[in-house]
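Peer 1: Supplied in structure tokens, the structure appears directly below.
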Amino acid sequence: MADGITRRVTVKLAAAGAGALAAGVPAMAAAHAKSPKSSDELTLWYDKPATDWDREALPIGNGALGAMVFGGVGTERLQFNEKTLWTGGPGSAQGYDFGNWTDPRPGALDGVIERIDDETKLTPDAVAAELGQPKHGFGAYQTFGDLYLDVPGAPEQPEAYRRDLDLRDAVAGVSYRADGVTYQRRYFASYPAGVIVGRIAADQPGKIAFTLRTTSPHADRTVTAEGDRLTWHGKLADNGLRYEAQIRIATEGGGSVQAGDGTLTVANADAAWFVLSAGTDYADTYPHYRGTDPHDRVTTAVDAAIRTGHDALLAEHTRDHRALFDRVALDIRQSTPTDLPTDRLLTSYTGGTTAADRALEALFFQYGRYLLIASSRPGSLPANLQGVWNHSTTPPWSADYHVNINLQMNYWPALPANLAETLDPHDAFVRALVPPGRVTAKEMFGAGGWLVHNETNPYGFTGVHDYAESFWFPEAAGWLCQQLYERYRYSGDTDYLRRTAYPVMKEAAAFWLDNLHTDPRDGLLVVSPSYSPEHGDFTAGAAMAQQIVYDLFTSTLAAARTLEDDDADFRARTEKALGKLDPGLRIGSWGQLQEWKTDLDNQSDDHRHVSHLFALHPGRRIEPGSKWAAAAKVSLTARGDGGTGWSKAWKINFWARLRDGDHAHKMLAEQLKSSTLPNLWDTHPPFQIDGNFGATSGVCELLLQSQHGVLEVLPALPASWPDGSVRGLRARGDVTLDVEWTGGRAAKVALTAGRDGALTVRSTLFPSGEHTFTARAGQRYEFGG
């Protein structure tokens, strides 16, 4: 770490000549770091309780556990989840086949490929009839249940009511006055302690009284209350998955806790607080997906939390959360604090023209980071379609893991927004898909390697179903591997590359080495059958399929060279296949980037998926200023600015990569105006969390890009953010950047290198437009100012 020394390079802007920028010796300087934004700026708040789960309730979470806070006065509701509570899988009453064909189907796949060779395209229904099958035991993510606090004598219309969520502290709260007494509740989900904590207090002694009860849609549960502990446990009727939750309550300043019939009642306390933990016997291990009974783990977590005490739990939780959240601060000259409740701030949003608009935009950016921390921490499953939150036994799309964009989009902000640790559950999940994916590759394709299709679950579902427009997508494994390699590109950690990323990438590439098809039209290797997600017909060589395989092959070969893999045969086969691979980049008759190998694009098509621009984002093959970038712009313009929430979020990233910050900002505005709920959750509709994460990624892309090996500072700064600063963004090459800008131009750039090596920074700060120098690990370099 170069013994903690910070260094400075000062660049004079107007008259500095090239000599002032030569790799010259950096001078000593104090580290530059702005203090984090105040909690007022980073708080969602409302002047009434929530009545609608997905529109109004406020989320807290620690990765494994999540809860939604409603803030009712007479009856408080906390709906909660434990992320492994899933129906389906092995042991399901419906049976379970991992999505693999239950019939031999000899020749079915070859028959589809032959028909595409002869007919160019086939309808999704025609292909699904040959290759699809109904789901068996896929299952769905389940709500665990609800906690209710019934408060006797609570007023119907309290004074000074406020319900809020402090993003920096990760604490949700409710406060109000009644009969001269101020009441306050605070809730948080502690990752270090593995519990959800709630505290109810008043500013006068003896005023706290309530009864805690629970409800659940799962009839197969048993609820008991004894002393200060409430326990419920059971087995899901569908698959026998064992689950348990426990709550303990402690009082402050006297008072009592009395157990009733499945209830705990507090009386005459100055304050009372509870801890909740929950778990199941799920384990992400193929093929059985079962571990130990959760009872001991849950009991240990609850008892340890009670011994620790509320204040110590809160302090520990705050330190843990801020260690992640405080890494990035964004100042776009937003108003602070805003005197409007967040729901009215949203409805009054005009598209980024006022300081209040910018307050919402900055809050939305940081909310995405908050949600990722809350729904993805090491030790549990990754964030699903709803993060960790779900109030249903039959949630939309099962609240599963769609891998034709949605799971991938969930993690787009993890690296640039300085939250790499949140990727641990993603990486573990992808690695766990490999064993069942090998079976699917062998049984369905007669191939080596591994794959996963359009969607998956916690039980290794890697095969197909029969919904014609979204059942076939074997390229998904390659796309998931992209995130693994990107984590290496950001960190430069060769041990991670060797142990985690490369083995998964190599097997994903091996599948395509066995499964690419020679196109009789031109002799190039293509994916067949291929399908541009949820759009059009089945063809050979759809653009997205080719682009993903190209990305996988090039990244895998680069990793093999880095690690000096001595598997010469694999490298030779991959290099040969890459040389014969259809490029997946073609310019069509109206100047568009073609979605299919044959020019089938319709200029009036406004479909929400723009999959053929994968090579632009999240890929890195299309560079700004190229003919491919120009064609991508034609396609994107034709698709328009509509779409569902996640689609608009993807378009923020597309336009940022095209260096059009104003159009990217327009898409952010469109997402806020028409695809964002009052609690700032993204909506498809219904609620779908990937749009939140995609928007946060898009803001990062506006301010910093590094996909082409150069650190591009403010590559797509929108005109509506003429002045501002950002601290703590991450770039590929293990670099952390702070930037200040004035009048739409960079005024100061500071970077900290995580490792030795040459860095090139592109910015208007430099007379030549960019500056290359050799950085040393642990040192800080400042330009401008």
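In the structure tokens, chains take the letters A, B, ... in the order shown, each chain's residues start at 1, and ligands count up from 1 in the order shown.
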Please list as a PyMOL selection string every residue within 6 Å of region 504-514 of chain A, counting only C-alpha atoms and excluding residues in the same chain fewer than 4 positions away.

Peer 2: chain A and resi 447-450+481

Peer 1: Env of Leu85 (chain A): 8 Å cut, atoms = only C-alpha atoms, seq-sep filter 6 positions within chain, self excluded. Answer as a list of chain:residue names.

Peer 2: A:Tyr141, A:Gln142, A:Thr143, A:Phe144, A:Leu241, A:Tyr243, A:Gly279, A:Thr280, A:Tyr282

Peer 1: Determine the nearest neighbour of Lys121 (chain A) from the options A:Gly643, A:Gly724, A:Ser528, A:Arg185, counting only C-alpha atoms.

Peer 2: A:Ser528

Peer 1: Report as a tab-separated table the residues of region 57-115 of chain A within 12 Å of region 321-338 of chain A, each with its shortest atom pair and distance in Å (one decimal), using only C-alpha atoms, ordered by chain and increasing residue number.

Peer 2:
residue	atom	partner	partner_atom	distance
A:Ile60	CA	A:His321	CA	11.7
A:Gly61	CA	A:His321	CA	10.8
A:Asn62	CA	A:His321	CA	9.3
A:Gly63	CA	A:His321	CA	11.7

Peer 1: Taking only C-alpha atoms into account, name the residue in A:Thr265, A:Thr292, A:Asn390, A:Thr342 that is nearest to Thr43 (chain A).

Peer 2: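 Closest to Thr43 (chain A) of all the choices is A:Thr342.
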
Peer 1: Using only C-alpha atoms, determine which residues lie at most 6 Å from region 51-56 of chain A, disregarding the query and same-chain residues fewer than 6 positions distant; provide the list as a list in words.

Peer 2: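 Surrounding residues, per the criterion: Leu677, Pro678 and Asn679 of chain A.
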
Peer 1: Could the residues in this selection be saved with C-alpha atoms as a PDB file, in the first residue's frame?

Peer 2:
ATOM      1  CA  LEU A 677     -44.067   4.273  -7.423  1.00  0.00           C
ATOM      2  CA  PRO A 678     -44.557   6.657  -4.471  1.00  0.00           C
ATOM      3  CA  ASN A 679     -42.043   4.686  -2.375  1.00  0.00           C
TER       4      ASN A 679
END

Peer 1: Using only C-alpha atoms, which residues sit within 6 Å of region 254-259 of chain A once same-chain residues fewer than 3 positions away are excluded, as JSON, numbers by chain?

Peer 2: {"A": [225, 226, 227, 263, 264, 265, 266, 267, 268, 269]}
